[in-house]
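Okay, input27.cif is below, mmCIF, C-alpha atoms:
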```
data_input
#
loop_
_atom_site.group_PDB
_atom_site.id
_atom_site.type_symbol
_atom_site.label_atom_id
_atom_site.label_comp_id
_atom_site.auth_asym_id
_atom_site.auth_seq_id
_atom_site.Cartn_x
_atom_site.Cartn_y
_atom_site.Cartn_z
ATOM 1 C CA MET A 1 -14.209 -17.828 7.215
ATOM 2 C CA SER A 2 -13.290 -18.649 3.607
ATOM 3 C CA VAL A 3 -10.934 -21.398 4.779
ATOM 4 C CA VAL A 4 -13.693 -23.040 6.831
ATOM 5 C CA ALA A 5 -16.249 -22.634 4.044
ATOM 6 C CA ARG A 6 -13.918 -24.038 1.368
ATOM 7 C CA TRP A 7 -12.839 -26.969 3.549
ATOM 8 C CA LEU A 8 -16.435 -27.967 4.263
ATOM 9 C CA ALA A 9 -17.576 -27.375 0.671
ATOM 10 C CA SER A 10 -14.832 -29.754 -0.515
ATOM 11 C CA GLY A 11 -16.332 -32.572 1.521
ATOM 12 C CA HIS A 12 -13.925 -32.513 4.458
ATOM 13 C CA ARG A 13 -14.915 -32.610 8.112
ATOM 14 C CA ILE A 14 -13.866 -30.272 10.933
ATOM 15 C CA ALA A 15 -13.421 -32.209 14.167
ATOM 16 C CA ALA A 16 -13.202 -29.097 16.372
ATOM 17 C CA PHE A 17 -12.675 -25.363 16.055
ATOM 18 C CA TRP A 18 -10.214 -24.049 18.646
ATOM 19 C CA THR A 19 -10.235 -20.319 19.300
ATOM 20 C CA ALA A 20 -8.124 -18.306 21.739
ATOM 21 C CA ALA A 21 -9.877 -17.539 25.020
ATOM 22 C CA GLY A 22 -10.334 -13.950 26.152
ATOM 23 C CA HIS A 23 -11.492 -12.494 22.830
ATOM 24 C CA ASP A 24 -15.176 -11.942 23.533
ATOM 25 C CA ASP A 25 -15.053 -8.772 21.400
ATOM 26 C CA HIS A 26 -14.345 -10.929 18.317
ATOM 27 C CA TRP A 27 -17.452 -13.006 18.934
ATOM 28 C CA ARG A 28 -19.587 -9.933 19.607
ATOM 29 C CA TYR A 29 -18.448 -8.703 16.180
ATOM 30 C CA ASP A 30 -19.301 -12.128 14.748
ATOM 31 C CA ARG A 31 -22.824 -11.921 16.154
ATOM 32 C CA ARG A 32 -23.297 -8.532 14.476
ATOM 33 C CA LEU A 33 -22.050 -10.077 11.240
ATOM 34 C CA GLY A 34 -24.668 -12.774 11.673
ATOM 35 C CA ARG A 35 -27.364 -10.096 11.533
ATOM 36 C CA VAL A 36 -25.903 -8.005 8.699
ATOM 37 C CA ALA A 37 -23.835 -10.420 6.596
ATOM 38 C CA PRO A 38 -24.704 -13.931 7.847
ATOM 39 C CA GLN A 39 -22.554 -15.667 5.224
ATOM 40 C CA TRP A 40 -19.451 -14.268 6.990
ATOM 41 C CA SER A 41 -20.470 -15.316 10.525
ATOM 42 C CA MET A 42 -18.132 -18.012 11.830
ATOM 43 C CA GLY A 43 -20.480 -18.841 14.700
ATOM 44 C CA ARG A 44 -23.389 -19.483 12.343
ATOM 45 C CA ARG A 45 -21.266 -21.574 9.988
ATOM 46 C CA LEU A 46 -19.891 -23.752 12.776
ATOM 47 C CA GLU A 47 -23.331 -24.257 14.306
ATOM 48 C CA ALA A 48 -24.830 -25.239 10.944
ATOM 49 C CA ALA A 49 -22.007 -27.762 10.393
ATOM 50 C CA GLY A 50 -22.256 -29.163 13.944
ATOM 51 C CA VAL A 51 -18.647 -28.206 14.713
ATOM 52 C CA PRO A 52 -17.850 -27.632 18.409
ATOM 53 C CA ARG A 53 -16.216 -24.296 19.233
ATOM 54 C CA VAL A 54 -13.675 -24.624 22.034
ATOM 55 C CA GLU A 55 -12.063 -21.609 23.724
ATOM 56 C CA VAL A 56 -8.523 -22.580 24.648
ATOM 57 C CA PRO A 57 -5.791 -20.984 26.798
ATOM 58 C CA ARG A 58 -2.305 -20.368 25.445
ATOM 59 C CA LEU A 59 -1.330 -23.745 24.004
ATOM 60 C CA ALA A 60 2.245 -23.746 25.321
ATOM 61 C CA ARG A 61 0.900 -23.431 28.902
ATOM 62 C CA TRP A 62 -2.000 -25.866 28.522
ATOM 63 C CA PRO A 63 -1.028 -29.346 29.722
ATOM 64 C CA ASP A 64 -4.135 -30.975 28.208
ATOM 65 C CA ALA A 65 -3.656 -29.587 24.705
ATOM 66 C CA GLU A 66 -2.074 -32.657 23.107
ATOM 67 C CA HIS A 67 -4.412 -35.093 24.842
ATOM 68 C CA LEU A 68 -7.548 -33.210 23.766
ATOM 69 C CA ALA A 69 -6.217 -32.716 20.226
ATOM 70 C CA ARG A 70 -5.654 -36.469 19.983
ATOM 71 C CA GLN A 71 -9.180 -37.120 21.271
ATOM 72 C CA THR A 72 -10.731 -35.141 18.396
ATOM 73 C CA GLY A 73 -9.501 -37.770 15.937
ATOM 74 C CA ALA A 74 -8.351 -35.049 13.542
ATOM 75 C CA ASP A 75 -5.605 -35.981 11.090
ATOM 76 C CA VAL A 76 -4.834 -32.400 9.949
ATOM 77 C CA LEU A 77 -4.160 -29.207 11.914
ATOM 78 C CA ILE A 78 -4.994 -25.917 10.163
ATOM 79 C CA SER A 79 -4.086 -22.592 11.764
ATOM 80 C CA ALA A 80 -5.698 -19.442 10.365
ATOM 81 C CA TYR A 81 -5.201 -16.124 12.210
ATOM 82 C CA PHE A 82 -4.425 -18.057 15.385
ATOM 83 C CA HIS A 83 -1.698 -16.160 17.248
ATOM 84 C CA HIS A 84 -0.646 -18.844 19.743
ATOM 85 C CA VAL A 85 2.609 -20.652 19.059
ATOM 86 C CA VAL A 86 1.872 -24.339 18.479
ATOM 87 C CA PRO A 87 4.042 -26.279 20.974
ATOM 88 C CA PRO A 88 6.481 -29.007 19.841
ATOM 89 C CA GLY A 89 4.344 -31.852 21.221
ATOM 90 C CA MET A 90 1.369 -30.857 19.104
ATOM 91 C CA LEU A 91 3.589 -30.325 16.055
ATOM 92 C CA ALA A 92 4.847 -33.873 16.529
ATOM 93 C CA LEU A 93 1.260 -35.120 16.752
ATOM 94 C CA PHE A 94 0.550 -33.582 13.316
ATOM 95 C CA GLU A 95 4.023 -33.959 11.817
ATOM 96 C CA GLY A 96 3.927 -32.964 8.148
ATOM 97 C CA ARG A 97 0.170 -32.330 8.460
ATOM 98 C CA GLY A 98 0.125 -28.989 10.293
ATOM 99 C CA PHE A 99 -0.590 -25.909 8.141
ATOM 100 C CA ASN A 100 -0.756 -22.164 8.650
ATOM 101 C CA PHE A 101 -2.166 -19.263 6.630
ATOM 102 C CA HIS A 102 -0.089 -16.070 6.798
ATOM 103 C CA SER A 103 -1.112 -12.741 5.276
ATOM 104 C CA SER A 104 2.087 -11.837 3.430
ATOM 105 C CA LEU A 105 4.198 -13.391 0.730
ATOM 106 C CA LEU A 106 6.698 -15.208 2.926
ATOM 107 C CA PRO A 107 9.522 -15.103 3.808
ATOM 108 C CA ARG A 108 8.908 -11.346 3.885
ATOM 109 C CA TYR A 109 7.054 -9.883 6.865
ATOM 110 C CA ARG A 110 6.754 -12.799 9.196
ATOM 111 C CA GLY A 111 5.085 -12.038 12.507
ATOM 112 C CA PRO A 112 1.713 -10.811 13.813
ATOM 113 C CA THR A 113 1.235 -7.536 11.860
ATOM 114 C CA PRO A 114 2.656 -7.949 8.343
ATOM 115 C CA LEU A 115 0.401 -5.408 6.617
ATOM 116 C CA GLN A 116 1.394 -2.594 8.964
ATOM 117 C CA GLY A 117 5.051 -3.232 8.165
ATOM 118 C CA MET A 118 4.393 -3.298 4.419
ATOM 119 C CA ILE A 119 2.559 0.043 4.613
ATOM 120 C CA ARG A 120 5.347 1.654 6.616
ATOM 121 C CA ASP A 121 8.040 0.357 4.256
ATOM 122 C CA ASP A 122 6.061 0.958 1.031
ATOM 123 C CA ALA A 123 6.497 -2.723 0.212
ATOM 124 C CA MET A 124 3.075 -3.593 -1.133
ATOM 125 C CA ASP A 125 4.556 -6.176 -3.502
ATOM 126 C CA ALA A 126 4.688 -8.430 -0.413
ATOM 127 C CA ALA A 127 0.899 -8.271 0.101
ATOM 128 C CA GLY A 128 -0.873 -11.588 -0.291
ATOM 129 C CA MET A 129 -1.538 -14.936 1.357
ATOM 130 C CA THR A 130 0.830 -17.839 2.015
ATOM 131 C CA LEU A 131 -0.010 -21.416 2.967
ATOM 132 C CA HIS A 132 2.954 -23.056 4.689
ATOM 133 C CA LEU A 133 3.817 -25.947 6.963
ATOM 134 C CA LEU A 134 3.932 -25.294 10.694
ATOM 135 C CA ASP A 135 7.296 -25.740 12.368
ATOM 136 C CA ALA A 136 8.977 -24.817 15.645
ATOM 137 C CA SER A 137 9.618 -21.169 14.678
ATOM 138 C CA ILE A 138 7.123 -18.458 13.756
ATOM 139 C CA ASP A 139 6.128 -18.389 10.062
ATOM 140 C CA THR A 140 9.283 -20.188 8.918
ATOM 141 C CA GLY A 141 7.869 -23.477 7.618
ATOM 142 C CA ALA A 142 8.186 -24.638 4.022
ATOM 143 C CA ILE A 143 5.864 -22.875 1.572
ATOM 144 C CA ILE A 144 3.137 -24.902 -0.132
ATOM 145 C CA ALA A 145 1.354 -22.187 -2.125
ATOM 146 C CA GLN A 146 1.059 -18.403 -2.338
ATOM 147 C CA MET A 147 -1.249 -15.837 -3.918
ATOM 148 C CA ALA A 148 -0.569 -12.104 -4.332
ATOM 149 C CA VAL A 149 -3.337 -9.646 -3.385
ATOM 150 C CA THR A 150 -3.414 -6.008 -4.489
ATOM 151 C CA TYR A 151 -3.178 -3.366 -1.769
ATOM 152 C CA PRO A 152 -4.492 -0.724 -1.233
ATOM 153 C CA GLN A 153 -8.087 -1.519 -2.152
ATOM 154 C CA ARG A 154 -11.311 -1.130 -0.200
ATOM 155 C CA ARG A 155 -12.114 -4.832 -0.602
ATOM 156 C CA TYR A 156 -8.688 -5.963 0.636
ATOM 157 C CA ALA A 157 -10.109 -7.997 3.544
ATOM 158 C CA VAL A 158 -12.457 -9.849 1.184
ATOM 159 C CA ALA A 159 -9.739 -10.355 -1.448
ATOM 160 C CA LEU A 160 -7.386 -11.729 1.211
ATOM 161 C CA ALA A 161 -10.078 -14.088 2.506
ATOM 162 C CA HIS A 162 -10.801 -15.311 -1.027
ATOM 163 C CA ALA A 163 -7.084 -15.961 -1.558
ATOM 164 C CA ALA A 164 -6.989 -18.060 1.623
ATOM 165 C CA GLY A 165 -10.065 -19.962 0.477
ATOM 166 C CA GLU A 166 -8.482 -20.804 -2.863
ATOM 167 C CA LEU A 167 -5.196 -21.856 -1.235
ATOM 168 C CA THR A 168 -7.125 -24.278 0.997
ATOM 169 C CA ASP A 169 -7.377 -26.644 -1.990
ATOM 170 C CA ALA A 170 -3.584 -26.992 -1.895
ATOM 171 C CA ILE A 171 -3.746 -28.867 1.436
ATOM 172 C CA PRO A 172 -5.177 -32.159 0.084
ATOM 173 C CA ALA A 173 -3.019 -31.734 -3.036
ATOM 174 C CA PHE A 174 0.070 -31.559 -0.816
ATOM 175 C CA LEU A 175 -1.023 -34.510 1.316
ATOM 176 C CA ASP A 176 -1.641 -36.574 -1.826
ATOM 177 C CA GLY A 177 1.838 -35.750 -3.141
ATOM 178 C CA ARG A 178 0.568 -33.756 -6.118
ATOM 179 C CA ILE A 179 2.489 -30.645 -5.049
ATOM 180 C CA ALA A 180 5.640 -30.230 -2.970
ATOM 181 C CA ALA A 181 6.630 -27.678 -0.332
ATOM 182 C CA ARG A 182 9.715 -25.507 -0.832
ATOM 183 C CA PRO A 183 11.957 -24.133 1.930
ATOM 184 C CA GLN A 184 11.827 -20.403 2.570
ATOM 185 C CA ASP A 185 14.712 -18.246 1.342
ATOM 186 C CA GLU A 186 16.209 -16.925 4.581
ATOM 187 C CA SER A 187 18.200 -14.263 2.718
ATOM 188 C CA ARG A 188 14.878 -12.492 1.938
ATOM 189 C CA ALA A 189 13.293 -13.001 5.356
ATOM 190 C CA SER A 190 12.016 -10.222 7.616
ATOM 191 C CA TYR A 191 9.955 -10.160 10.802
ATOM 192 C CA GLU A 192 7.346 -7.578 11.779
ATOM 193 C CA ARG A 193 6.474 -7.107 15.431
ATOM 194 C CA VAL A 194 3.294 -5.339 16.541
ATOM 195 C CA THR A 195 3.435 -1.860 14.994
ATOM 196 C CA PRO A 196 2.625 0.913 17.520
ATOM 197 C CA ALA A 197 0.124 3.655 16.703
ATOM 198 C CA SER A 198 2.977 6.198 16.781
ATOM 199 C CA GLU A 199 4.216 4.770 13.452
ATOM 200 C CA PHE A 200 1.091 6.097 11.708
ATOM 201 C CA PHE A 201 1.691 9.834 11.280
ATOM 202 C CA LEU A 202 2.085 12.749 8.863
ATOM 203 C CA SER A 203 4.729 15.381 9.573
ATOM 204 C CA ALA A 204 6.262 18.481 8.022
ATOM 205 C CA ASP A 205 9.548 16.726 7.261
ATOM 206 C CA LEU A 206 7.877 14.253 4.860
ATOM 207 C CA SER A 207 7.606 14.957 1.146
ATOM 208 C CA ALA A 208 4.206 15.637 -0.414
ATOM 209 C CA THR A 209 4.523 12.346 -2.308
ATOM 210 C CA GLU A 210 5.102 10.410 0.924
ATOM 211 C CA ILE A 211 2.194 12.168 2.644
ATOM 212 C CA ALA A 212 -0.076 11.250 -0.273
ATOM 213 C CA ARG A 213 1.097 7.616 -0.073
ATOM 214 C CA ARG A 214 0.437 7.419 3.664
ATOM 215 C CA CYS A 215 -3.011 8.951 3.234
ATOM 216 C CA ARG A 216 -3.761 6.374 0.535
ATOM 217 C CA THR A 217 -2.618 3.302 2.502
ATOM 218 C CA MET A 218 -2.710 3.948 6.249
ATOM 219 C CA PRO A 219 -6.402 4.730 6.945
ATOM 220 C CA PHE A 220 -7.330 1.119 6.081
ATOM 221 C CA ILE A 221 -5.468 0.185 9.284
ATOM 222 C CA ARG A 222 -5.364 3.396 11.326
ATOM 223 C CA ALA A 223 -5.905 7.039 10.367
ATOM 224 C CA PRO A 224 -2.475 8.752 10.621
ATOM 225 C CA ALA A 225 -2.014 11.528 13.183
ATOM 226 C CA ILE A 226 -1.102 14.967 11.784
ATOM 227 C CA ARG A 227 1.810 16.135 13.886
ATOM 228 C CA PRO A 228 1.547 19.808 12.845
ATOM 229 C CA LEU A 229 -2.086 19.685 14.090
ATOM 230 C CA PRO A 230 -2.132 17.743 17.392
ATOM 231 C CA GLY A 231 -5.313 15.758 17.946
ATOM 232 C CA ARG A 232 -6.271 15.650 14.256
ATOM 233 C CA GLU A 233 -6.062 12.611 11.942
ATOM 234 C CA ALA A 234 -6.126 12.283 8.151
ATOM 235 C CA ILE A 235 -8.264 9.860 6.143
ATOM 236 C CA GLY A 236 -7.303 10.983 2.648
ATOM 237 C CA PHE A 237 -5.111 13.177 0.476
ATOM 238 C CA VAL A 238 -6.855 16.010 -1.388
ATOM 239 C CA ARG A 239 -4.159 17.766 -3.438
ATOM 240 C CA ILE A 240 -0.915 19.716 -3.546
ATOM 241 C CA LEU A 241 -1.691 23.417 -3.073
ATOM 242 C CA GLY A 242 1.617 24.786 -4.299
ATOM 243 C CA PRO A 243 5.095 25.590 -2.993
ATOM 244 C CA VAL A 244 5.950 25.825 0.696
ATOM 245 C CA THR A 245 4.503 29.061 2.112
ATOM 246 C CA GLY A 246 5.815 29.178 5.665
ATOM 247 C CA ALA A 247 2.246 29.783 6.880
ATOM 248 C CA ALA A 248 0.959 28.023 9.967
ATOM 249 C CA PRO A 249 -1.041 24.815 9.593
ATOM 250 C CA ARG A 250 -4.781 25.452 9.268
ATOM 251 C CA ALA A 251 -7.675 23.096 9.985
ATOM 252 C CA ARG A 252 -11.182 23.589 8.602
ATOM 253 C CA TRP A 253 -14.292 21.460 9.039
ATOM 254 C CA PHE A 254 -13.167 18.584 6.834
ATOM 255 C CA TYR A 255 -9.735 19.609 5.501
ATOM 256 C CA ALA A 256 -6.351 20.663 6.786
ATOM 257 C CA ASP A 257 -3.558 22.567 5.017
ATOM 258 C CA PHE A 258 0.064 22.465 6.103
ATOM 259 C CA ASP A 259 3.590 22.665 4.708
ATOM 260 C CA ALA A 260 5.282 19.408 3.836
ATOM 261 C CA ALA A 261 9.032 19.274 3.234
ATOM 262 C CA ASP A 262 8.674 20.357 -0.427
ATOM 263 C CA ARG A 263 5.058 21.483 -1.000
ATOM 264 C CA ARG A 264 2.010 22.787 0.816
ATOM 265 C CA VAL A 265 -0.619 20.073 0.938
ATOM 266 C CA ARG A 266 -4.287 19.584 1.778
ATOM 267 C CA VAL A 267 -5.520 16.421 3.495
ATOM 268 C CA ARG A 268 -9.008 15.229 4.439
ATOM 269 C CA LEU A 269 -9.673 15.159 8.180
ATOM 270 C CA ARG A 270 -11.338 12.420 10.154
ATOM 271 C CA TRP A 271 -14.540 13.636 11.778
ATOM 272 C CA ASN A 272 -16.109 12.146 14.894
ATOM 273 C CA GLY A 273 -18.588 9.958 13.032
ATOM 274 C CA TRP A 274 -16.025 8.593 10.556
ATOM 275 C CA ARG A 275 -15.223 5.405 12.472
ATOM 276 C CA ARG A 276 -18.894 4.476 12.797
ATOM 277 C CA LEU A 277 -19.582 5.306 9.137
ATOM 278 C CA ASN A 278 -16.556 3.324 8.004
ATOM 279 C CA ARG A 279 -17.623 0.335 10.126
ATOM 280 C CA TRP A 280 -21.063 0.267 8.503
ATOM 281 C CA ARG A 281 -19.535 0.672 5.058
ATOM 282 C CA HIS A 282 -17.410 -2.367 5.874
ATOM 283 C CA PHE A 283 -20.479 -4.344 7.011
ATOM 284 C CA TRP A 284 -22.357 -3.375 3.841
ATOM 285 C CA MET A 285 -19.394 -4.454 1.688
ATOM 286 C CA LEU A 286 -19.388 -7.860 3.430
ATOM 287 C CA ARG A 287 -23.154 -8.149 2.991
ATOM 288 C CA GLN A 288 -22.662 -7.860 -0.778
ATOM 289 C CA ALA A 289 -19.622 -10.176 -0.954
ATOM 290 C CA PRO A 290 -19.712 -13.992 -1.195
ATOM 291 C CA VAL A 291 -17.594 -15.988 1.247
ATOM 292 C CA LEU A 292 -16.029 -17.939 -1.600
ATOM 293 C CA PRO A 293 -14.852 -16.241 -4.802
ATOM 294 C CA PRO A 294 -16.964 -16.747 -7.914
ATOM 295 C CA PRO A 295 -15.689 -19.528 -10.183
ATOM 296 C CA ALA A 296 -13.114 -18.469 -12.749
ATOM 297 C CA VAL A 297 -14.384 -17.956 -16.293
ATOM 298 C CA PRO A 298 -12.590 -20.370 -18.667
#
```
As a first step, turn the structure in this file into C-alpha cells.
Amino acid sequence: MSVVARWLASGHRIAAFWTAAGHDDHWRYDRRLGRVAPQWSMGRRLEAAGVPRVEVPRLARWPDAEHLARQTGADVLISAYFHHVVPPGMLALFEGRGFNFHSSLLPRYRGPTPLQGMIRDDAMDAAGMTLHLLDASIDTGAIIAQMAVTYPQRRYAVALAHAAGELTDAIPAFLDGRIAARPQDESRASYERVTPASEFFLSADLSATEIARRCRTMPFIRAPAIRPLPGREAIGFVRILGPVTGAAPRARWFYADFDAADRRVRVRLRWNGWRRLNRWRHFWMLRQAPVLPPPAVP
C-alpha cells in the first residue's frame, strides 16, 4: 500500500495493478480495512486513482501475459509481495526496469517467508526491506537500496510498509542514473522456504532464555505450541520461577508452568478469544497509522 501511495504521490502513473487470482480472502480483508482504516485499503486507493485491478493466473503459464503487459504501455514493472515468478519474456520486456521489494536485507533470507526464518535462527539483524532488480532467479537481482527495520515490535508491519514507501523513491533515482545497483554477495546468501507450523514450538529441552526469546518473537507470526502441554499455545513469557523442579507441567486459566532445560518457567497462554482480539488490535493500530511515514525533522 505504501509503495502504491508513494508512487502516485510522486506524480507517477500506474497503468494497471496485477494481482494473483484465487486470493479472495485478501480482498475480503481489504474491504474490512476500507471500513476500519480506509487509508490502508488497496481497493479504495486504486479506485480513487482510476487504476484497473486485474486478477491474473500464474504468469509462467499465461500465454497472454507479455502481450497484455505491452498493451498497458507501462515502462516500469514493480513487484511488491507478488509471489509469481516473472517469466523471462516479461523480464526482457522490462529489461533493467523491473523491480522487486523483498522483506529482508538481501542476500540473506531470500524466498517467500524470510521473517519466519529470521525468528527461527535468531537473526533479526536481517530484518528490513530491500529494493532490487528482477532477474531470472528468485530474489537474486542487484540491490538498489535497503532499509533496516527493528523486529520484534508491535508496529512491524507498518514500519516495514513505511520502509518500502521510502525506498520507492530510489526507482526514479536509479532510472535517472543518480544511484547504481550493486550485485548481491553470494557468499552471504540464504534461502527460506515456507516454514511449517511445526517449527513454532516450546519444549522442555530448550533453555529458559530461548523460550523467552521465542515467546517474544514468534506470536507476531504464529503462537508457539507448548509440547509439554499438548493443545496449548503461548503468547508471551511471564518469568523464570526458579530451578528445575521435576514437577509435571501445569496449566491455569491464563498461564502455564513447566520445566525448561535449565529453569522452571511461566508462560502466558493463548485463550480462545485471543486471535479475534489481536486482529482488532491490529486494525486499530492501522486506523491510527498513516500510509506514508511522517516527514523527517531536519
Interatomic distance, CA of Arg182 (chain A) to CA of Leu105 (chain A) (Å, one decimal):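 According to the coordinates, CA of Arg182 (chain A) and CA of Leu105 (chain A) are separated by 13.4 Å.
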Selection result of the PyMOL selection byres ((chain A and resi 265) around 7) on this file, as number ranges by chain: A: 208, 239-241, 257-260, 263-264, 266-267
Option closest in space to Ile179 (chain A), from A:Gly165, A:Ala145, A:His102, A:Glu95 [counting all atoms listed in the file]: A:Ala145
Ala251 (chain A) surroundings by all atoms listed in the file, 12 Å radius, close-in-sequence under 6 positions cut, as a PyMOL selection string: chain A and resi 226+228-234+257-258+265-271
Using only C-alpha atoms: which of A:Pro152, A:Arg193, A:Gly242, A:Gly96 has the shortest distance to Phe174 (chain A): A:Gly96
Two-atom distance - CA of Gly117 (chain A), CA of Tyr29 (chain A) (Å):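 Straight-line distance from CA of Gly117 (chain A) to CA of Tyr29 (chain A) works out to 25.4 Å.
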Polymer residues at most 12 Å from Leu292 (chain A), only C-alpha atoms, same-chain spacing of 4 or more positions, as an NGL selection string: :A and (1-10 or 39-40 or 158-168 or 286 or 296)
Selected residues written out, C-alpha atoms, as an mmCIF file, keeping the file's coordinate frame:
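Resulting contents of selection.cif:
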```
data_model
loop_
_atom_site.group_PDB
_atom_site.id
_atom_site.type_symbol
_atom_site.label_atom_id
_atom_site.label_comp_id
_atom_site.auth_asym_id
_atom_site.auth_seq_id
_atom_site.Cartn_x
_atom_site.Cartn_y
_atom_site.Cartn_z
ATOM 1 C CA MET A 1 -14.209 -17.828 7.215
ATOM 2 C CA SER A 2 -13.290 -18.649 3.607
ATOM 3 C CA VAL A 3 -10.934 -21.398 4.779
ATOM 4 C CA VAL A 4 -13.693 -23.040 6.831
ATOM 5 C CA ALA A 5 -16.249 -22.634 4.044
ATOM 6 C CA ARG A 6 -13.918 -24.038 1.368
ATOM 7 C CA TRP A 7 -12.839 -26.969 3.549
ATOM 8 C CA LEU A 8 -16.435 -27.967 4.263
ATOM 9 C CA ALA A 9 -17.576 -27.375 0.671
ATOM 10 C CA SER A 10 -14.832 -29.754 -0.515
ATOM 11 C CA GLN A 39 -22.554 -15.667 5.224
ATOM 12 C CA TRP A 40 -19.451 -14.268 6.990
ATOM 13 C CA VAL A 158 -12.457 -9.849 1.184
ATOM 14 C CA ALA A 159 -9.739 -10.355 -1.448
ATOM 15 C CA LEU A 160 -7.386 -11.729 1.211
ATOM 16 C CA ALA A 161 -10.078 -14.088 2.506
ATOM 17 C CA HIS A 162 -10.801 -15.311 -1.027
ATOM 18 C CA ALA A 163 -7.084 -15.961 -1.558
ATOM 19 C CA ALA A 164 -6.989 -18.060 1.623
ATOM 20 C CA GLY A 165 -10.065 -19.962 0.477
ATOM 21 C CA GLU A 166 -8.482 -20.804 -2.863
ATOM 22 C CA LEU A 167 -5.196 -21.856 -1.235
ATOM 23 C CA THR A 168 -7.125 -24.278 0.997
ATOM 24 C CA LEU A 286 -19.388 -7.860 3.430
ATOM 25 C CA ALA A 296 -13.114 -18.469 -12.749
#
```
Pick from A:Ala157, A:Ile144, A:Ala197, A:Ala247 nearest to Pro224 (chain A), counting all atoms listed in the file: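 Among the listed residues, the smallest separation from Pro224 (chain A) belongs to A:Ala197.
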Residue neighbourhood Pro52 (chain A), 8 Å, all atoms listed in the file, exclusion window fewer than 4 positions, as an NGL selection string: :A and (15-17 or 46-47)
Nearest to Gln288 (chain A), chosen from A:Ala37, A:Leu133, A:Arg276, A:Leu115, with all atoms listed in the file counted in the distances: A:Ala37
Straight-line distance linking CA of Ser104 (chain A) with CA of Leu77 (chain A), stated in Å to one decimal: 20.3 Å
Counting only C-alpha atoms, the option among A:Leu202, A:Met124, A:Met285, A:Ala21 closest to Phe82 (chain A):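 Smallest distance to Phe82 (chain A) is found for A:Ala21.
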Contact residues around Ala69 (chain A) with only C-alpha atoms at 10 Å, ignoring same-chain residues under 4 positions, as a list in words: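 Those residues are Ala15, Ala16, Trp18, Asp64, Ala65, Gly73, Ala74, Asp75, Leu77, Met90, Leu93 and Phe94 of chain A.
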How would region 137-141 of chain A read, as a compact mmCIF listing (two decimals), keeping the file's coordinate frame, once all heavy atoms are built in?
```
# COMPACT_ATOMS: atom_id res chain seq x y z
N SER A 137 9.47 -22.62 14.66
CA SER A 137 9.62 -21.17 14.68
C SER A 137 8.39 -20.50 14.07
O SER A 137 7.54 -21.16 13.46
CB SER A 137 10.89 -20.76 13.91
OG SER A 137 12.04 -21.33 14.51
N ILE A 138 8.31 -19.19 14.20
CA ILE A 138 7.12 -18.46 13.76
C ILE A 138 7.22 -18.15 12.27
O ILE A 138 8.15 -17.47 11.82
CB ILE A 138 6.96 -17.15 14.56
CG1 ILE A 138 6.75 -17.48 16.05
CG2 ILE A 138 5.80 -16.33 14.03
CD1 ILE A 138 6.71 -16.26 16.94
N ASP A 139 6.28 -18.70 11.49
CA ASP A 139 6.13 -18.39 10.06
C ASP A 139 7.36 -18.76 9.24
O ASP A 139 7.65 -18.11 8.23
CB ASP A 139 5.81 -16.90 9.86
CG ASP A 139 4.54 -16.47 10.56
OD1 ASP A 139 3.62 -17.29 10.66
OD2 ASP A 139 4.47 -15.31 11.01
N THR A 140 8.07 -19.82 9.63
CA THR A 140 9.28 -20.19 8.92
C THR A 140 9.17 -21.51 8.16
O THR A 140 10.11 -21.92 7.49
CB THR A 140 10.47 -20.31 9.90
OG1 THR A 140 10.17 -21.29 10.90
CG2 THR A 140 10.75 -18.97 10.58
N GLY A 141 8.02 -22.17 8.25
CA GLY A 141 7.87 -23.48 7.62
C GLY A 141 7.87 -23.41 6.10
O GLY A 141 7.65 -22.35 5.49
```
